[in-house]
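Participant: Before I ask anything, let me first share the structure, which is written out below as structure tokens.
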Amino acid sequence: LYPHSCPSTTSFDTLQQRYEYACQGARSFIPIQFGLCTVAWDDEKQSYIAQTFNFFIHPYTSRRGYQFTCDLSSLKFLSSHNFDFNTLFSKGISFVSREKVKEIEENMSTEKVRDEIQPAPKDQEFVNEALSSVRSWLQTTEQKLELPSCNSYLIRLLYQEIPKVYPDLVLSQRSFEGQGWKALVLERLTDEEKTKHESEREAEKQKKLNDIGGFVRVTELMTAAKKPIIGHNMLLDLCYFYHYFLGNLPSSSKEFANNLLKEFPFIIDTKFVAFSLGKTNTGLGEVFESVSKLENPPIELFSSDNDETEQHHEAGYDAYMTSNIFLKLSYQLLPEEIEGPLLFSQDSELKKTW
């Protein structure tokens, strides 16, 4: 997808111009489905085993919401191919970029310094009553004290004033369903209990980061694996991947390429491979149809639930089609017939087309 403000691409575009057009598209529209196909050689079967994964995804939504651009013709196209919009919004996996996760983590780890509130007389009276309740509670053996519920302003005031008098107490707050008010909870803990409390807080923080990051955990596994990444006409796909899962797109196509190669050692576009073999019609469906007639190498589609509903234009199945094209064409590119899997080495004959 490209926004209407983006010029039409031509054969005379420079690489930088074509990259800038792709960046505009990636920044304008959000990804809503991510297709992945993993392929591995099975020695016992003497065949490649392909497994597809189809993820419904959307950006992480905070309380402020998330606004995005969509194109009506694209929505109609997806609807005509049975795209499940209900699943996208009810069960879709949220995501933020790696860069954003780090930023959120830093903010969560940094103690916020807030301007001190100068309480009004009636608010000071409320604080004094709370301090009196704390003094009385400390004379008992009760481990916890829950103060009367109050509004956010008074909660903040209690957070400010109580630690000045009782710095060793652990403070937390409890919300009430359907109400805007909260109650402050105080605990007196042993050193061992404080250590446990800190560990629980750290685990809770990590869970929150995982929930916010969502699908980025999958993309982080992909980059950590350092496996070859295959796509078809994939410049726009790579711009989407970079912008939504890594961080802000760089202005230079050269920097973009260098950064991506740090994440993935081999990036291969099957449209280019097909073109280098003299194919004039290099659309995904057309190339897949032509290579399906080739016997080598054998490729078996693994299905754990015997699901035969995979279809063209579903992201996971498109990824499967791309993997087939790459393997079939790669075997054609080799100078002699081989038995067994492809070897992704720097001195491979296939390197010329990577």
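By order in the structure tokens, chains are A, B, ...; within a chain, residues start at 1; ligands start at 1, following the order shown.
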Would you return as a list in words the members of region 208-303 of chain A that DSSP assigns to strand (DSSP E or B) on this structure's backbone?

Facilitator: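 DSSP on the backbone gives strand (DSSP E or B) at Gly214, Ile229, Ile230, Gly231, Ile267, Ile268, Asp269, Ile299, Glu300, Leu301 and Phe302 of chain A.
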
Participant: Write a file of the just-selected residues containing N, CA, C and O atoms, as a PDB file, in the first residue's frame.

Facilitator:
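Result went into out.pdb, see below:
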```pdb
ATOM      1  N   GLY A 214       4.106  -7.695  23.162  1.00  0.00           N
ATOM      2  CA  GLY A 214       3.284  -8.637  22.418  1.00  0.00           C
ATOM      3  C   GLY A 214       4.023  -9.355  21.312  1.00  0.00           C
ATOM      4  O   GLY A 214       4.957 -10.126  21.545  1.00  0.00           O
ATOM      5  N   ILE A 229      16.155 -14.877   5.582  1.00  0.00           N
ATOM      6  CA  ILE A 229      14.794 -14.353   5.474  1.00  0.00           C
ATOM      7  C   ILE A 229      14.457 -14.245   3.990  1.00  0.00           C
ATOM      8  O   ILE A 229      15.173 -13.602   3.223  1.00  0.00           O
ATOM      9  N   ILE A 230      13.357 -14.886   3.610  1.00  0.00           N
ATOM     10  CA  ILE A 230      12.947 -14.912   2.208  1.00  0.00           C
ATOM     11  C   ILE A 230      11.642 -14.147   2.065  1.00  0.00           C
ATOM     12  O   ILE A 230      10.735 -14.286   2.886  1.00  0.00           O
ATOM     13  N   GLY A 231      11.521 -13.346   1.014  1.00  0.00           N
ATOM     14  CA  GLY A 231      10.283 -12.635   0.727  1.00  0.00           C
ATOM     15  C   GLY A 231      10.107 -12.496  -0.765  1.00  0.00           C
ATOM     16  O   GLY A 231      11.016 -12.801  -1.548  1.00  0.00           O
ATOM     17  N   ILE A 267      19.184 -11.942   3.222  1.00  0.00           N
ATOM     18  CA  ILE A 267      17.856 -11.452   2.859  1.00  0.00           C
ATOM     19  C   ILE A 267      17.694 -11.688   1.364  1.00  0.00           C
ATOM     20  O   ILE A 267      18.462 -11.164   0.549  1.00  0.00           O
ATOM     21  N   ILE A 268      16.725 -12.501   0.999  1.00  0.00           N
ATOM     22  CA  ILE A 268      16.594 -12.953  -0.383  1.00  0.00           C
ATOM     23  C   ILE A 268      15.196 -12.641  -0.908  1.00  0.00           C
ATOM     24  O   ILE A 268      14.196 -13.005  -0.281  1.00  0.00           O
ATOM     25  N   ASP A 269      15.140 -11.967  -2.056  1.00  0.00           N
ATOM     26  CA  ASP A 269      13.864 -11.609  -2.682  1.00  0.00           C
ATOM     27  C   ASP A 269      13.621 -12.551  -3.860  1.00  0.00           C
ATOM     28  O   ASP A 269      14.369 -12.527  -4.844  1.00  0.00           O
ATOM     29  N   ILE A 299       8.880 -30.841  -1.038  1.00  0.00           N
ATOM     30  CA  ILE A 299       8.491 -29.960   0.082  1.00  0.00           C
ATOM     31  C   ILE A 299       7.143 -30.429   0.605  1.00  0.00           C
ATOM     32  O   ILE A 299       6.173 -30.549  -0.153  1.00  0.00           O
ATOM     33  N   GLU A 300       7.094 -30.698   1.893  1.00  0.00           N
ATOM     34  CA  GLU A 300       5.857 -31.176   2.521  1.00  0.00           C
ATOM     35  C   GLU A 300       5.334 -30.098   3.467  1.00  0.00           C
ATOM     36  O   GLU A 300       6.079 -29.565   4.291  1.00  0.00           O
ATOM     37  N   LEU A 301       4.062 -29.772   3.327  1.00  0.00           N
ATOM     38  CA  LEU A 301       3.441 -28.779   4.204  1.00  0.00           C
ATOM     39  C   LEU A 301       2.930 -29.468   5.449  1.00  0.00           C
ATOM     40  O   LEU A 301       2.041 -30.320   5.387  1.00  0.00           O
ATOM     41  N   PHE A 302       3.517 -29.124   6.596  1.00  0.00           N
ATOM     42  CA  PHE A 302       3.101 -29.722   7.865  1.00  0.00           C
ATOM     43  C   PHE A 302       1.827 -29.042   8.349  1.00  0.00           C
ATOM     44  O   PHE A 302       1.695 -27.810   8.317  1.00  0.00           O
TER      45      PHE A 302
END
```

Participant: Please provide the set of residues having any atom within 9 Å of Ser133 (chain A), restricted to only C-alpha atoms, with same-chain residues fewer than 5 positions apart removed, written as a list of chain:residue names.

Facilitator: A:Asn128, A:Leu138, A:Leu145, A:Leu147

Participant: Go ahead and save the residues from that selection, with C-alpha atoms, as a JSON list (two decimals), in the first residue's frame.

Facilitator:
```json
[["chain", "number", "residue", "atom", "x", "y", "z"],
["A", 128, "ASN", "CA", -3.05, 14.22, 59.64],
["A", 138, "LEU", "CA", 1.80, 0.43, 64.27],
["A", 145, "LEU", "CA", -3.45, -1.22, 56.90],
["A", 147, "LEU", "CA", -6.73, 3.68, 54.53]]
```

Participant: So which residues touch region 279-286 of chain A within 9 Å, counting only C-alpha atoms, skipping near sequence neighbours fewer than 3 positions away, as a list in words?

Facilitator: His232, Asn233, Thr270, Lys271, Phe272, Ala274, Phe275, Ser276, Glu289, Ser290, Val291, His312, Asp318, Met321, Thr322 and Ile325 of chain A

Participant: Taking 6 positions as the minimum chain separation for residues in the same chain, which residues sit within 12 Å of Lys208 (chain A) when counting only C-alpha atoms? Answer as a list in words.

Facilitator: Tyr60, Val101, Ile104, Glu105, Met108, Arg201, Glu202 and Gly214 of chain A

Participant: So that I have them on file, write out the residues from the current selection with C-alpha atoms, as a PDB file, in the first residue's frame.

Facilitator:
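Produced file again25.pdb, reproduced below:
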```
ATOM      1  CA  TYR A  60      -0.634  -1.741  21.291  1.00  0.00           C
ATOM      2  CA  VAL A 101       9.813  -1.347  24.454  1.00  0.00           C
ATOM      3  CA  ILE A 104       8.949   2.145  28.095  1.00  0.00           C
ATOM      4  CA  GLU A 105      11.297  -0.020  30.183  1.00  0.00           C
ATOM      5  CA  MET A 108       9.336   2.292  34.240  1.00  0.00           C
ATOM      6  CA  ARG A 201       7.317  -6.091  41.458  1.00  0.00           C
ATOM      7  CA  GLU A 202      10.091  -6.829  38.958  1.00  0.00           C
ATOM      8  CA  GLY A 214       3.284  -8.637  22.418  1.00  0.00           C
TER       9      GLY A 214
END
```

Participant: Would you kindly return, as an MDAnalysis selection string, each protein, DNA or RNA residue with an atom no farther than 10 Å from any atom of Leu88 (chain A), considering only C-alpha atoms and excluding same-chain residues fewer than 4 positions away?

Facilitator: chainID A and resid 32:33 55:58 83:84 92:94

Participant: May I have the residues within 12 Å of Asp123 (chain A) as a ChimeraX atom specification, using only C-alpha atoms and disregarding those fewer than 5 positions away in the same chain?

Facilitator: /A:117-118,128-130,150-151,153-158,161

Participant: Those residues you just picked out, can you put them in a file as a short mmCIF file (atom, residue, chain, number, x, y, z; two decimals), in the first residue's frame with N, CA and C atoms?

Facilitator:
```cif
data_model
loop_
_atom_site.label_atom_id
_atom_site.label_comp_id
_atom_site.auth_asym_id
_atom_site.auth_seq_id
_atom_site.Cartn_x
_atom_site.Cartn_y
_atom_site.Cartn_z
N ILE A 117 3.48 18.83 46.41
CA ILE A 117 2.19 19.52 46.56
C ILE A 117 2.17 20.26 47.89
N GLN A 118 1.69 21.49 47.86
CA GLN A 118 1.45 22.23 49.10
C GLN A 118 -0.02 22.07 49.46
N ASN A 128 -3.29 14.39 58.20
CA ASN A 128 -3.05 14.22 59.64
C ASN A 128 -3.86 13.06 60.20
N GLU A 129 -5.12 12.94 59.71
CA GLU A 129 -5.95 11.83 60.16
C GLU A 129 -5.37 10.50 59.69
N ALA A 130 -4.84 10.48 58.46
CA ALA A 130 -4.23 9.27 57.93
C ALA A 130 -2.99 8.89 58.75
N CYS A 150 -10.09 7.38 48.49
CA CYS A 150 -10.12 8.81 48.22
C CYS A 150 -9.78 9.04 46.75
N ASN A 151 -9.80 10.30 46.34
CA ASN A 151 -9.53 10.60 44.94
C ASN A 151 -8.03 10.56 44.64
N TYR A 153 -5.92 12.84 43.67
CA TYR A 153 -5.12 13.94 44.24
C TYR A 153 -4.68 13.61 45.67
N LEU A 154 -5.63 13.11 46.48
CA LEU A 154 -5.32 12.79 47.87
C LEU A 154 -4.40 11.57 47.97
N ILE A 155 -4.57 10.61 47.03
CA ILE A 155 -3.66 9.45 46.99
C ILE A 155 -2.24 9.94 46.78
N ARG A 156 -2.07 10.85 45.82
CA ARG A 156 -0.74 11.39 45.55
C ARG A 156 -0.18 12.11 46.77
N LEU A 157 -1.04 12.83 47.46
CA LEU A 157 -0.63 13.56 48.65
C LEU A 157 -0.17 12.60 49.76
N LEU A 158 -0.89 11.48 49.91
CA LEU A 158 -0.50 10.48 50.91
C LEU A 158 0.84 9.84 50.54
N GLU A 161 3.47 12.36 51.66
CA GLU A 161 3.65 12.71 53.07
C GLU A 161 3.98 11.52 53.97
#
```

Participant: Could you name the residues that touch region 177-191 of chain A at 8 Å or less, counting only C-alpha atoms, but leaving out those on the same chain fewer than 2 positions away, as a list in words?

Facilitator: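 Non-adjacent residues within range: Gln143, Lys144, Leu145, Glu146, Leu147, Pro148, Ser149, Cys150, Asn151, Ser152, Ile155, Leu158, Asp168, Leu169, Val170, Leu171, Ser172, Gln173, Arg174, Ser175, Glu193, Lys194 and Thr195 of chain A.
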
Participant: With only C-alpha atoms counted and 6 Å as the cut-off, give the residues of region 39-149 of chain A in contact with region 235-251 of chain A, each with its shortest interatomic distance in Å and the pair that gives it, as CSV.

Facilitator:
```
residue,atom,partner,partner_atom,distance
A:Ser97,CA,A:Phe245,CA,4.0
A:Arg98,CA,A:Leu246,CA,4.9
A:Glu99,CA,A:Gly247,CA,5.0
```

Participant: Write the residues of the selection above to a file with N, CA and C atoms, as a CSV table (one decimal), in the first residue's frame.

Facilitator:
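And here is the file that came out, result_0.csv:
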```
chain,number,residue,atom,x,y,z
A,97,SER,N,7.3,-1.5,18.9
A,97,SER,CA,8.6,-1.8,18.3
A,97,SER,C,9.6,-2.1,19.5
A,98,ARG,N,10.7,-2.7,19.1
A,98,ARG,CA,11.8,-3.0,20.1
A,98,ARG,C,12.3,-1.7,20.7
A,99,GLU,N,12.4,-0.6,19.8
A,99,GLU,CA,12.9,0.7,20.3
A,99,GLU,C,11.9,1.3,21.4
```

Participant: Taking only C-alpha atoms into account, which of A:Leu277, A:Phe288, A:Val134, A:Ala315 comes nearest Ser330 (chain A)?

Facilitator: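 Selected residue with least distance to Ser330 (chain A): A:Leu277.
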
Participant: Using only C-alpha atoms, which residue out of A:Gln46, A:Thr69, A:Gln124, A:Gln51 lies closest to Ala26 (chain A)?

Facilitator: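 Of A:Gln46, A:Thr69, A:Gln124, A:Gln51, the one nearest Ala26 (chain A), counting only C-alpha atoms, is A:Thr69.
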
Participant: Please identify which residues in region 114-354 of chain A DSSP calls alpha helix (DSSP H) from the backbone, and express them as a ChimeraX atom specification.

Facilitator: /A:121-138,152-165,191-213,216-225,235-241,253-263,270-276,284-291,315-333

Participant: Just the number, please: distance in Å from CA of Phe53 (chain A) to CA of Ala319 (chain A), one decimal.

Facilitator: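 Between these atoms lies a distance of 8.8 Å.
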
Participant: Of the candidates A:Ile162, A:Ala22, A:Ala225, A:Val96, which shows the shortest atom-to-atom distance to Ser253 (chain A), using only C-alpha atoms?

Facilitator: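 Ranking A:Ile162, A:Ala22, A:Ala225, A:Val96 by distance to Ser253 (chain A), first place goes to A:Ala22.
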
Participant: Quick one: of A:Phe215, A:Asn54, A:Glu339, A:Pro297, who's nearest to Asn324 (chain A), counting only C-alpha atoms?

Facilitator: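 Selected residue with least distance to Asn324 (chain A): A:Pro297.
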